[in-house]
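Reading through the structure tokens given below for one structure.
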Amino acid sequence: MDRITLFAEILLPLPIPGTFTYRVPFALNDIIKRGQRVSVQFGPRHVYAGLVADIHERPPQKGTPKYILSVLDKKPLVNDLQFQFWKWISGYYMSTLGEVMNVAMPSAFKLSSESKIVLSPGFTPDKETLNESEYRITEALLQRKGLTINEVTNIVGYQKVLPLLKTMIERRLIVMEEELKQQYKPKKTKMVRLAPDFFDEEKLQELMDQLGKRAHKQLELVMGFLSLCGFPLKKDFSVTKAELLAKTKVNDAALKTLMDKGVFLLDEKIISRFTEENNTSGNSFTLSASQQEAYTSLTEQMQKNLVVLLHGVTSSGKTELYIKLIEDTLQQGKQVLYLLPEIALTTQIIHRLRKHFGDEIGVYHSRYNQNERAEVWENIAGLQQAGIHKPYRIVLGPRSAMFLPYENLGLIIVDEEHDASYKQFDPAPRYNARDTAIYLATLHNAKVVLGSATPAIETYFNAKNGKYGLISLTERFGGVKMPEIKVVSIKEEKRRRLLKSHFTSVLLEHIKQALEKKQQVILFQNRRGFSLRIECEQCNWIPQCKNCDVTMTYHKKQELMKCHYCGYSRPVPEVCEKCGSPHLVMQGFGTEKVEEELSIILPDARIERMDLDTTRSKNAFQRIIYNFENRKTDILTGTQMVTKGLDFDNVQVVGILSADNMLSFPDFRASERSFQMMEQVSGRAGRKKYQGTVIIQTWQPGHSVIRDVVNHDFESMYARELTERKRFKYPPYYRLVMIKLKHKKPELLNEAAAVLARDLRAHFGNLIYGPEYPMVSRIKNLFIKQILFKIPRNKQQAEKKQQLKQRLNNFKMLSKYKSVRINVDVDPQ
């Protein structure tokens with residue numbers, strides 16, 4: 001019988017258009033499937049794990065294809081719906097499929113010959129359990145910190161090493177180098193079990209008689225263990241050390257003595273980070289009358305519309321409605337995706353949802369290490385070994401959670417849908433998770449609920465024009481009043497000499513009153529660091545980043561000046577580097593300065609800060625939120641992280657320290673963003689029992705946006721913004737595409753930008769704006785110029801983007817400008 005010669009189109013996680021054709025060895029004909037990973041040689045030296053995108057019998061017209069080296073998966077990792085999803089993202093956001101794959105898949109699945117492996121933190125050498133190749137690799141790693149996959153190939157003497165490394169990763173012998181940098185350690189708990197000798201009743205009775213004479217605490221521990229275990233004794237029973245000590249109210253020393261005597265054995269058990277150890281579900285609650293009405297309307301609207309906007313004021317109880325909708329979806333046997341803009345929000349909401357759904361909820365985000373993310377992926381794909389964890393039916397996470405291999409989605413919830421964090425900035429594809437989720441829902445024939453107290457202008461426009469359903473919740477849960485908002489003029493406070501540091505007398509008075517009543521305070525300042533800049537009083541010199549055209553921010557704790565764009569840091573200058581003057585002053589203030597100066601004014605207050613600097617570690621969000629929820633912190637100061645959907649019972653006062661930073665930002669969305677941010681942070685006040693108070697400090701108390709925030713008047717801001725945007729051709733009336741050109745030589749960049757803009761203007765006319773330098777015109781030693789393309793919202797949108805892609809490809813063919821980098825951002829934020 002003739003064997004069929006098969007070829008496979010392989011997708012690699014590289015920013016190169018298209019797929020690559022490889023020959024399938026006859027031995028793999030019956031094994032290879034679309035969606036599996038295979039190891040392939042790419043170029044003379046590199047080996048990659050690529051994805052099988054297609055299998056066919058058509059030989060390539062040019063050249064002889066290389067053979068696939070091996071198949072890495074027994075079953076496909078990526079399903080057909082995912083391929084369709086990736087293809088749409090690639091087309092709409094003008095990126096390559098390889099770039100989409102690179103963003104979509106956990107790094108643990110993207111082995112390449114440039115990857116480095118290192119020993120797992122818990123590795124102990126054991127020649128008995130290792131085969132010869134594994135032994136050679138681990139021996140080499142004991143001598144050296146890391147090995148590239150090329151080096152592993154040389155050590156074992158053959159090329160097909162990726163399947164071997166995959167097995168070693170699964171057995172926790174090795175990890176990818178980037179995982180170790182996160183210093184990940186498996187979450188473990190100490191388990192106590194009875195030593196085998198004491199399952200004999202006589203020996204157990206003898207032990208208890210001995211302890212009863214002189215060691216009563218030890219006897220209490222044994223009795224406590226036996227009551228938890230029950231009779232007859234179960235040989236595989238163990239209890240957490242914490243639970244045993246808590247039950248018996250005995251200290252650690254007594255347990256240690258019993259372990260030294262050989263009565264108890266202590267084991268370490270790895271537990272899942274995604275579930276609580278005791279997962280109880282089924283907590284019920286009752287909807288308020290307005291919530292019940294909204295729920296009924298929501299279910300009706302979801303019958304008619306793919307997308308429904310739930311526009312509810314802050315603290316109106318949107319989460320309870322989400323829970324009801326999730327219950328309905330699970331009863332239909334379908335999966336639910338719950339998207340949140342920030343990792344901080346997952347920390348709080350996961351506890352609320354687990355009360356209802358137990359361990360059916362999986363969490364997926366970038367703070368988890370690569371192995372954990374790969375574990376969730378395999379669970380969703382149905383590839384996980386039995387017994388590790390039951391299948392996740394609900395997935396909670398930020399934008400990256402959209403890329404998991406769902407088979408049967410029934411509902412996608414996009415909470416705080418207005419948030420700019422849903423937009424991916426770098427690397428490509430620069431997608432918006434809110435818009436992309438809607439396309440994902442169409443693939444699964446699922447429904448989308450967009451939730452927000454301050455919807456994006458585009459979303460509200462679509463809802464008002466009948467494209468989406470619209471449900472409004474206009475009152476807070478439990479009839480609590482919306483917070484009272486007081487606007488304080490910084491200019492007036494300064495004139496009357498009432499300003500203390502950056503705090504007005506009105507704000508300080510309200511903070512003191514709240515603290516006296518044992519209530520809590522949130523202070524919002526959308527700048528991190530201590531001081532925004534250091535300036536010479538004599539010549540106005542300001543330290544600049546050597547790589548970027550920005551001033552450096554002073555961080556007091558590290559005593560460093562830092563660039564927030566490239567990460568460059570330098571010591572604080574003692575004298576002006578231009579004129580030599582020692583008179584350097586600090587201008588502006590960030591969250592670090594707020595924290596320090598407030599602790600001087602209110603020395604007894606317990607103050608904590610939540611910004612990018614304090615939340616870099618894996619569980620920092622959890623710790624800060626836990627402390628504030630449990631009233632171990634009196635005042636929480638932070639950047640926009642504190643504005644986003646967090647729910648605290650005891651917050652009485654919210655202070656916005658400088659509204660003007662947001663209002664004066666040179667961006668067409670500045671008014672919308674300022675309203676959203678101030679309204680959202682205001683919504684943290686007085687959520688449960690009492691009406692809260694919000695203090696807005698500003699130089700412009702009469703500003704129209706501030707007036708709208710005071711009146712909680714979203715409609716007024718929306719109507720004003722629509723008028724402006726229609727006039728100046730901005731969304732929702734036009735689509736935007738931002739083309740950024742980057743190069744280290746400004747002369748070549750200027751020339752290239754002018755040539756490209758001229759070509760685009762000849763083709764698209766007055767829809768092209770620029771080229772212009774952006775606000776920050778150099779980042780990481782690359783100068784930047786940008787061209788803006790405004791596309792009218794009509795049926796020709798896709799055609800115009802296709803034409804733009806063609807013009808850009810033609811430009812890239814010009815040899816003179818091949819070194820100029822081009823980034824395309826569709827629907828920039």
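We label chains A, B, ... in the order they appear in the structure tokens, count residues from 1 in each chain, and number ligands from 1 in the order shown.
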- prompt: Which residues, written as number ranges by chain, have at least one atom at most 7 Å from Leu141 in chain A, with only C-alpha atoms counted and residues fewer than 5 positions away on the same chain left out?
  reply: A: 118-119, 146
Writer output for current selection, C-alpha atoms, as a PDB file, in the first residue's frame:
```
ATOM      1  CA  VAL A 118      17.667  25.795  34.834  1.00  0.00           C
ATOM      2  CA  LEU A 119      17.206  23.295  37.638  1.00  0.00           C
ATOM      3  CA  GLY A 146      21.605  27.588  32.848  1.00  0.00           C
TER       4      GLY A 146
END
```
task: Please provide as a ChimeraX atom specification all residues within 7 Å of range 805-818 of chain A, with the sequence filter that same-chain residues fewer than 3 positions apart are discarded (counting only C-alpha atoms).
output: /A:752,756,801-802
Keeping all heavy atoms for every residue in the selection just given, could you write it to a file as a short mmCIF file (atom, residue, chain, number, x, y, z; two decimals), in the first residue's frame?
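Produced file out-v2.cif, reproduced below:
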```cif
data_model
loop_
_atom_site.label_atom_id
_atom_site.label_comp_id
_atom_site.auth_asym_id
_atom_site.auth_seq_id
_atom_site.Cartn_x
_atom_site.Cartn_y
_atom_site.Cartn_z
N ALA A 752 11.93 59.40 6.47
CA ALA A 752 11.06 58.23 6.25
C ALA A 752 9.60 58.58 6.54
O ALA A 752 8.69 58.22 5.79
CB ALA A 752 11.51 57.07 7.14
N LEU A 756 6.49 58.38 3.87
CA LEU A 756 5.31 57.55 4.10
C LEU A 756 4.04 58.39 4.15
O LEU A 756 3.02 58.04 3.54
CB LEU A 756 5.48 56.75 5.40
CG LEU A 756 4.29 55.86 5.79
CD1 LEU A 756 3.99 54.83 4.69
CD2 LEU A 756 4.55 55.14 7.12
N LYS A 801 -8.36 49.58 5.59
CA LYS A 801 -7.27 49.00 6.38
C LYS A 801 -6.41 48.08 5.51
O LYS A 801 -5.19 48.03 5.65
CB LYS A 801 -7.83 48.25 7.59
CG LYS A 801 -8.02 49.19 8.77
CD LYS A 801 -8.88 48.68 9.87
CE LYS A 801 -8.53 47.36 10.43
NZ LYS A 801 -9.48 46.94 11.48
N GLN A 802 -7.07 47.34 4.62
CA GLN A 802 -6.34 46.47 3.71
C GLN A 802 -5.44 47.29 2.78
O GLN A 802 -4.29 46.93 2.52
CB GLN A 802 -7.33 45.61 2.90
CG GLN A 802 -6.73 44.37 2.26
CD GLN A 802 -6.01 43.46 3.24
OE1 GLN A 802 -6.49 43.18 4.33
NE2 GLN A 802 -4.81 43.01 2.88
#
```
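The residue set within 7 Å of Thr551 in chain A, counting only C-alpha atoms and dropping same-chain residues fewer than 2 places from it, reads Arg533, Ile542, Pro543, Gln544, Cys545 and Thr553 of chain A.
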For those residues, write N, CA and C atoms to a file as an mmCIF file, in the first residue's frame.
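Generated file (result_9.cif):
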```cif
data_model
loop_
_atom_site.group_PDB
_atom_site.id
_atom_site.type_symbol
_atom_site.label_atom_id
_atom_site.label_comp_id
_atom_site.auth_asym_id
_atom_site.auth_seq_id
_atom_site.Cartn_x
_atom_site.Cartn_y
_atom_site.Cartn_z
ATOM 1 N N ARG A 533 9.689 65.819 39.658
ATOM 2 C CA ARG A 533 10.971 66.221 39.072
ATOM 3 C C ARG A 533 11.770 67.021 40.098
ATOM 4 N N ILE A 542 16.645 70.505 34.725
ATOM 5 C CA ILE A 542 15.917 69.343 35.267
ATOM 6 C C ILE A 542 16.616 68.079 34.761
ATOM 7 N N PRO A 543 16.927 67.117 35.632
ATOM 8 C CA PRO A 543 17.566 65.870 35.171
ATOM 9 C C PRO A 543 16.676 65.127 34.167
ATOM 10 N N GLN A 544 17.282 64.744 33.044
ATOM 11 C CA GLN A 544 16.558 64.030 31.991
ATOM 12 C C GLN A 544 17.090 62.611 31.882
ATOM 13 N N CYS A 545 16.239 61.701 31.403
ATOM 14 C CA CYS A 545 16.677 60.330 31.127
ATOM 15 C C CYS A 545 17.651 60.350 29.953
ATOM 16 N N THR A 553 11.807 60.907 37.567
ATOM 17 C CA THR A 553 11.012 61.030 38.783
ATOM 18 C C THR A 553 11.848 60.594 39.985
#
```
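Going from CA of Lys110 in chain A to CA of Pro13 in chain A covers 7.5 Å.
Residue-level DSSP output for range 304-433 of chain A, from the backbone, shows strand (DSSP E) at Val307, Val308, Leu309, Leu310, His311, Gly312, Gln335, Val336, Leu337, Tyr338, Leu339, Ile361, Gly362, Val363, Ile394, Val395, Leu396, Gly397, Leu409, Gly410, Leu411, Ile412, Ile413, Val414 and Asp415 of chain A.
One finds CA of Gly358 in chain A at 19.2 Å from CA of Leu409 in chain A.
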field: Spatial neighbours of Ile10 in chain A, 6 Å, only C-alpha atoms, chain gap at least 4 places, as JSON, numbers by chain
entry: {"A": [19, 20, 50, 51, 52, 53]}
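Interatomic distance, CA of Tyr135 in chain A against CA of Pro106 in chain A: 27.1 Å.
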Alpha helix (DSSP H) call set, DSSP backbone run, range 141-259 of chain A, as number ranges by chain: A: 141-143, 149-156, 162-170, 177-181, 201-214, 216-229, 241-248, 252-259
- prompt: Within 12 Å of Glu751 in chain A, counting only C-alpha atoms, which residues qualify if same-chain residues fewer than 5 places away don't, as an MDAnalysis selection string?
  reply: chainID A and resid 741:743 745:746 756:758 771 785 816:817 820
